[in-house]
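Engineer: There's a structure below that I have some questions on.
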Amino acid sequence: MERKGLLIVVSGFAGSGKGTLMKRLTGDYDNYSLSVSMTTRKPRPGEVDGREYFFVTKEEFERKIEDGGLIEYAAYVENYYGTPREYVEEQIAEGKDVVLEIETQGALKVKERFPDSILIFVLPPSVEELYKRLKNRGTETEDVIRKRMSRAAKEADTIEKYDYIVINDKVDECVKKLHGFIEAAHYTPDRNEEFIRSIKDDLEQLWKGEN
Ligand code: 5GP
């Protein structure tokens, strides 16, 4: 049975720890490829161009949109973020499960364009913990933290549109759970129509031979 690559979309509030989870998931198992997004945001200390993001100017980003080079994009707290098309298509064709770590507007667009994709929302154990994580990260000003928290309140409205939620308290357990959801999704009948059809055809042939 040939295994098709799936598009896995992961969202979560800023500070939910989804970045750490994705690095672990894609590092612990070899069926995953993590898509690198394009953004107009400035790199944070330690971020490398081409690894965390492709850091580009607003003009470069807009050109990419015009060229149809993004499968989705969105504006998030004063910057553009988008998913380059080429890598996603190439990896899916190779049978890899491609992980997109993107915000909710983009996630819903992906679901619309690729109904077969799996949407997972990462939640913090509590809002108090979320605020603490954002402050401790120390990479954003108080003003940006406030904007990200207010954005979280809006994003919370879309949770019900996701296929699964993951509560990020213990990283090891969460990574295993995530992998479990995705493995299970590979074995739904609608994602294996070809295989099921071939079994049915063979059964039919056999049945004919009996008569
Ligand atoms: P950050 O600035 O913290 O790296 O990312 C801000 C938000 O943008 C996060 O919610 C992140 O998941 C989201 N994001 C990152 N890349 C993309 C993308 O390609 N498309 C969309 N729609 N959102 C993205």
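Every chain in the structure tokens takes a letter, A first, then B, and so on in the order presented; its residues are numbered from 1, and the ligands are numbered from 1 following the presented order.
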Need to verify the contact set: Val9 (chain A), 10 Å, only C-alpha atoms, exclusion of same-chain residues closer than 4 positions in sequence. Can you return it as number ranges by chain?

Structural biologist: A: 98-104, 106-108, 110-111, 117-121, 162-163

Engineer: Could you please take those selected residues and save N, CA and C atoms as a PDB file, in the first residue's frame?

Structural biologist:
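Result written to selection34.pdb:
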ATOM      1  N   VAL A  98       3.986  16.977   5.520  1.00  0.00           N
ATOM      2  CA  VAL A  98       4.573  18.317   5.625  1.00  0.00           C
ATOM      3  C   VAL A  98       3.862  19.120   6.713  1.00  0.00           C
ATOM      4  N   VAL A  99       4.637  19.640   7.649  1.00  0.00           N
ATOM      5  CA  VAL A  99       4.080  20.379   8.775  1.00  0.00           C
ATOM      6  C   VAL A  99       4.179  21.881   8.520  1.00  0.00           C
ATOM      7  N   LEU A 100       3.035  22.559   8.592  1.00  0.00           N
ATOM      8  CA  LEU A 100       3.008  24.021   8.496  1.00  0.00           C
ATOM      9  C   LEU A 100       2.666  24.557   9.872  1.00  0.00           C
ATOM     10  N   GLU A 101       3.533  25.394  10.421  1.00  0.00           N
ATOM     11  CA  GLU A 101       3.214  25.998  11.716  1.00  0.00           C
ATOM     12  C   GLU A 101       2.749  27.417  11.425  1.00  0.00           C
ATOM     13  N   ILE A 102       1.450  27.613  11.331  1.00  0.00           N
ATOM     14  CA  ILE A 102       0.926  28.897  10.859  1.00  0.00           C
ATOM     15  C   ILE A 102      -0.256  29.363  11.706  1.00  0.00           C
ATOM     16  N   GLU A 103      -0.589  30.672  11.576  1.00  0.00           N
ATOM     17  CA  GLU A 103      -1.693  31.196  12.397  1.00  0.00           C
ATOM     18  C   GLU A 103      -3.044  30.798  11.775  1.00  0.00           C
ATOM     19  N   THR A 104      -4.118  31.180  12.472  1.00  0.00           N
ATOM     20  CA  THR A 104      -5.422  30.601  12.162  1.00  0.00           C
ATOM     21  C   THR A 104      -6.023  31.006  10.805  1.00  0.00           C
ATOM     22  N   GLY A 106      -4.506  31.668   8.006  1.00  0.00           N
ATOM     23  CA  GLY A 106      -3.800  30.864   7.012  1.00  0.00           C
ATOM     24  C   GLY A 106      -4.236  29.408   7.081  1.00  0.00           C
ATOM     25  N   ALA A 107      -4.403  28.908   8.318  1.00  0.00           N
ATOM     26  CA  ALA A 107      -4.783  27.502   8.517  1.00  0.00           C
ATOM     27  C   ALA A 107      -6.137  27.226   7.850  1.00  0.00           C
ATOM     28  N   LEU A 108      -7.070  28.155   8.050  1.00  0.00           N
ATOM     29  CA  LEU A 108      -8.407  27.937   7.480  1.00  0.00           C
ATOM     30  C   LEU A 108      -8.373  28.011   5.957  1.00  0.00           C
ATOM     31  N   VAL A 110      -5.841  27.024   4.149  1.00  0.00           N
ATOM     32  CA  VAL A 110      -5.261  25.740   3.722  1.00  0.00           C
ATOM     33  C   VAL A 110      -6.350  24.668   3.708  1.00  0.00           C
ATOM     34  N   LYS A 111      -7.183  24.649   4.754  1.00  0.00           N
ATOM     35  CA  LYS A 111      -8.254  23.638   4.840  1.00  0.00           C
ATOM     36  C   LYS A 111      -9.224  23.778   3.661  1.00  0.00           C
ATOM     37  N   SER A 117      -6.250  18.173   4.403  1.00  0.00           N
ATOM     38  CA  SER A 117      -5.231  18.527   5.399  1.00  0.00           C
ATOM     39  C   SER A 117      -5.768  18.316   6.819  1.00  0.00           C
ATOM     40  N   ILE A 118      -4.844  18.176   7.782  1.00  0.00           N
ATOM     41  CA  ILE A 118      -5.233  17.932   9.174  1.00  0.00           C
ATOM     42  C   ILE A 118      -4.853  19.151   9.996  1.00  0.00           C
ATOM     43  N   LEU A 119      -5.840  19.714  10.701  1.00  0.00           N
ATOM     44  CA  LEU A 119      -5.589  20.926  11.478  1.00  0.00           C
ATOM     45  C   LEU A 119      -5.487  20.598  12.967  1.00  0.00           C
ATOM     46  N   ILE A 120      -4.398  21.013  13.572  1.00  0.00           N
ATOM     47  CA  ILE A 120      -4.167  20.736  15.004  1.00  0.00           C
ATOM     48  C   ILE A 120      -3.921  22.055  15.734  1.00  0.00           C
ATOM     49  N   PHE A 121      -4.609  22.242  16.840  1.00  0.00           N
ATOM     50  CA  PHE A 121      -4.446  23.483  17.618  1.00  0.00           C
ATOM     51  C   PHE A 121      -3.764  23.168  18.941  1.00  0.00           C
ATOM     52  N   TYR A 162     -10.827  23.189  14.036  1.00  0.00           N
ATOM     53  CA  TYR A 162      -9.658  22.303  13.926  1.00  0.00           C
ATOM     54  C   TYR A 162     -10.069  20.845  14.119  1.00  0.00           C
ATOM     55  N   ASP A 163      -9.215  19.926  13.675  1.00  0.00           N
ATOM     56  CA  ASP A 163      -9.538  18.500  13.814  1.00  0.00           C
ATOM     57  C   ASP A 163      -9.159  17.961  15.195  1.00  0.00           C
TER      58      ASP A 163
END

Engineer: Could you list, as number ranges by chain, all protein and nucleic acid residues with an atom at most 10 Å from ligand 1, counting only C-alpha atoms and all ligand atoms?

Structural biologist: A: 9-16, 18-19, 35-44, 47, 52-54, 70-84, 100-110, 139-140, 148, 151-152, 155

Engineer: Pick out the closest residue to Leu130 (chain A) from this set: A:Asp169, A:Asp157, A:Leu34, A:Ile196. Count only C-alpha atoms.

Structural biologist: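 With only C-alpha atoms as the atom set, the closest residue is A:Asp169.
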
Engineer: Excluding same-chain residues fewer than 4 positions from Arg191 (chain A), what lies within 10 Å of it counting only C-alpha atoms, as a ChimeraX atom specification?

Structural biologist: /A:3-4,6,116,185-187,195-196

Engineer: May I have the residues within 9 Å of Asn168 (chain A) as a PDB file with all heavy atoms, in the first residue's frame, using only C-alpha atoms and disregarding those fewer than 5 positions away in the same chain?

Structural biologist:
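part.pdb, written as the output of this step:
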ATOM      1  N   SER A  16       2.398  29.340  23.152  1.00  0.00           N
ATOM      2  CA  SER A  16       1.801  28.034  23.481  1.00  0.00           C
ATOM      3  C   SER A  16       2.851  26.926  23.429  1.00  0.00           C
ATOM      4  O   SER A  16       2.604  25.805  23.867  1.00  0.00           O
ATOM      5  CB  SER A  16       0.669  27.706  22.505  1.00  0.00           C
ATOM      6  OG  SER A  16       1.178  27.616  21.187  1.00  0.00           O
ATOM      7  N   GLY A  17       4.010  27.251  22.878  1.00  0.00           N
ATOM      8  CA  GLY A  17       5.090  26.262  22.816  1.00  0.00           C
ATOM      9  C   GLY A  17       5.038  25.417  21.549  1.00  0.00           C
ATOM     10  O   GLY A  17       5.721  24.399  21.433  1.00  0.00           O
ATOM     11  N   LYS A  18       4.263  25.847  20.551  1.00  0.00           N
ATOM     12  CA  LYS A  18       4.109  25.021  19.343  1.00  0.00           C
ATOM     13  C   LYS A  18       5.406  24.886  18.559  1.00  0.00           C
ATOM     14  O   LYS A  18       5.661  23.862  17.947  1.00  0.00           O
ATOM     15  CB  LYS A  18       2.977  25.540  18.460  1.00  0.00           C
ATOM     16  CG  LYS A  18       3.178  26.962  17.964  1.00  0.00           C
ATOM     17  CD  LYS A  18       1.950  27.446  17.255  1.00  0.00           C
ATOM     18  CE  LYS A  18       2.159  28.837  16.668  1.00  0.00           C
ATOM     19  NZ  LYS A  18       2.497  29.881  17.641  1.00  0.00           N
ATOM     20  N   LEU A  21       7.396  22.122  20.075  1.00  0.00           N
ATOM     21  CA  LEU A  21       6.748  20.836  19.752  1.00  0.00           C
ATOM     22  C   LEU A  21       7.054  20.403  18.322  1.00  0.00           C
ATOM     23  O   LEU A  21       7.368  19.243  18.061  1.00  0.00           O
ATOM     24  CB  LEU A  21       5.231  20.962  19.887  1.00  0.00           C
ATOM     25  CG  LEU A  21       4.615  20.838  21.263  1.00  0.00           C
ATOM     26  CD1 LEU A  21       3.102  20.932  21.148  1.00  0.00           C
ATOM     27  CD2 LEU A  21       5.001  19.511  21.905  1.00  0.00           C
ATOM     28  N   VAL A 122      -2.660  23.863  19.202  1.00  0.00           N
ATOM     29  CA  VAL A 122      -1.906  23.644  20.450  1.00  0.00           C
ATOM     30  C   VAL A 122      -2.361  24.669  21.491  1.00  0.00           C
ATOM     31  O   VAL A 122      -2.326  25.872  21.242  1.00  0.00           O
ATOM     32  CB  VAL A 122      -0.379  23.800  20.215  1.00  0.00           C
ATOM     33  CG1 VAL A 122       0.384  23.573  21.517  1.00  0.00           C
ATOM     34  CG2 VAL A 122       0.109  22.846  19.127  1.00  0.00           C
ATOM     35  N   LEU A 123      -2.801  24.168  22.640  1.00  0.00           N
ATOM     36  CA  LEU A 123      -3.256  25.056  23.714  1.00  0.00           C
ATOM     37  C   LEU A 123      -2.291  25.011  24.889  1.00  0.00           C
ATOM     38  O   LEU A 123      -1.701  23.959  25.174  1.00  0.00           O
ATOM     39  CB  LEU A 123      -4.642  24.605  24.194  1.00  0.00           C
ATOM     40  CG  LEU A 123      -5.805  24.878  23.236  1.00  0.00           C
ATOM     41  CD1 LEU A 123      -7.043  24.116  23.681  1.00  0.00           C
ATOM     42  CD2 LEU A 123      -6.093  26.371  23.182  1.00  0.00           C
ATOM     43  N   PRO A 124      -2.142  26.128  25.607  1.00  0.00           N
ATOM     44  CA  PRO A 124      -1.321  26.098  26.824  1.00  0.00           C
ATOM     45  C   PRO A 124      -2.153  25.475  27.947  1.00  0.00           C
ATOM     46  O   PRO A 124      -3.385  25.458  27.842  1.00  0.00           O
ATOM     47  CB  PRO A 124      -1.074  27.578  27.099  1.00  0.00           C
ATOM     48  CG  PRO A 124      -2.285  28.256  26.555  1.00  0.00           C
ATOM     49  CD  PRO A 124      -2.757  27.439  25.376  1.00  0.00           C
ATOM     50  N   PRO A 125      -1.532  25.002  29.025  1.00  0.00           N
ATOM     51  CA  PRO A 125      -2.325  24.443  30.133  1.00  0.00           C
ATOM     52  C   PRO A 125      -3.253  25.488  30.739  1.00  0.00           C
ATOM     53  O   PRO A 125      -4.340  25.170  31.200  1.00  0.00           O
ATOM     54  CB  PRO A 125      -1.271  24.003  31.157  1.00  0.00           C
ATOM     55  CG  PRO A 125       0.032  24.021  30.452  1.00  0.00           C
ATOM     56  CD  PRO A 125      -0.080  24.922  29.270  1.00  0.00           C
ATOM     57  N   GLU A 173       5.137  13.874  26.069  1.00  0.00           N
ATOM     58  CA  GLU A 173       3.820  13.262  25.871  1.00  0.00           C
ATOM     59  C   GLU A 173       3.080  13.889  24.700  1.00  0.00           C
ATOM     60  O   GLU A 173       2.426  13.206  23.911  1.00  0.00           O
ATOM     61  CB  GLU A 173       2.968  13.431  27.131  1.00  0.00           C
ATOM     62  CG  GLU A 173       3.334  12.433  28.200  1.00  0.00           C
ATOM     63  CD  GLU A 173       2.557  12.667  29.487  1.00  0.00           C
ATOM     64  OE1 GLU A 173       1.447  13.228  29.436  1.00  0.00           O
ATOM     65  OE2 GLU A 173       3.115  12.295  30.545  1.00  0.00           O
ATOM     66  N   CYS A 174       3.220  15.224  24.587  1.00  0.00           N
ATOM     67  CA  CYS A 174       2.534  15.928  23.492  1.00  0.00           C
ATOM     68  C   CYS A 174       3.037  15.485  22.131  1.00  0.00           C
ATOM     69  O   CYS A 174       2.244  15.323  21.201  1.00  0.00           O
ATOM     70  CB  CYS A 174       2.766  17.427  23.610  1.00  0.00           C
ATOM     71  SG  CYS A 174       1.677  18.151  24.778  1.00  0.00           S
TER      72      CYS A 174
END

Engineer: Among region 26-200 of chain A, which ones does DSSP place in strand (DSSP E or B), written as a VMD selection string?

Structural biologist: chain A and resid 32 to 34 37 to 39 49 53 to 55 70 to 76 79 to 84 97 to 101 118 to 123 164 to 167

Engineer: Rounded to one decimal in Å, what is the spacing between CA of Ala153 (chain A) and CA of Tyr131 (chain A)?

Structural biologist: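 Spanning CA of Ala153 (chain A) to CA of Tyr131 (chain A) is a straight-line distance of 12.4 Å.
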
Engineer: So that I can check the secondary structure, give me every residue of region 160-197 of chain A assigned helix (DSSP H, G or I) by backbone DSSP, as a list in words.

Structural biologist: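 Selection result, helix (DSSP H, G or I) within region 160-197 of chain A: Glu160, Lys161, Val171, Asp172, Glu173, Cys174, Val175, Lys176, Lys177, Leu178, His179, Gly180, Phe181, Ile182, Glu183, Ala184, Ala185, Pro189, Asp190, Arg191, Glu193, Glu194, Phe195, Ile196 and Arg197 of chain A.
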
Engineer: To one decimal place in Å, what is the distance between CA of Asp49 (chain A) and CA of Gln91 (chain A)?

Structural biologist: 20.3 Å

Engineer: Quick one, how far is CA of Ala156 (chain A) from CA of Val127 (chain A)?

Structural biologist: 11.6 Å
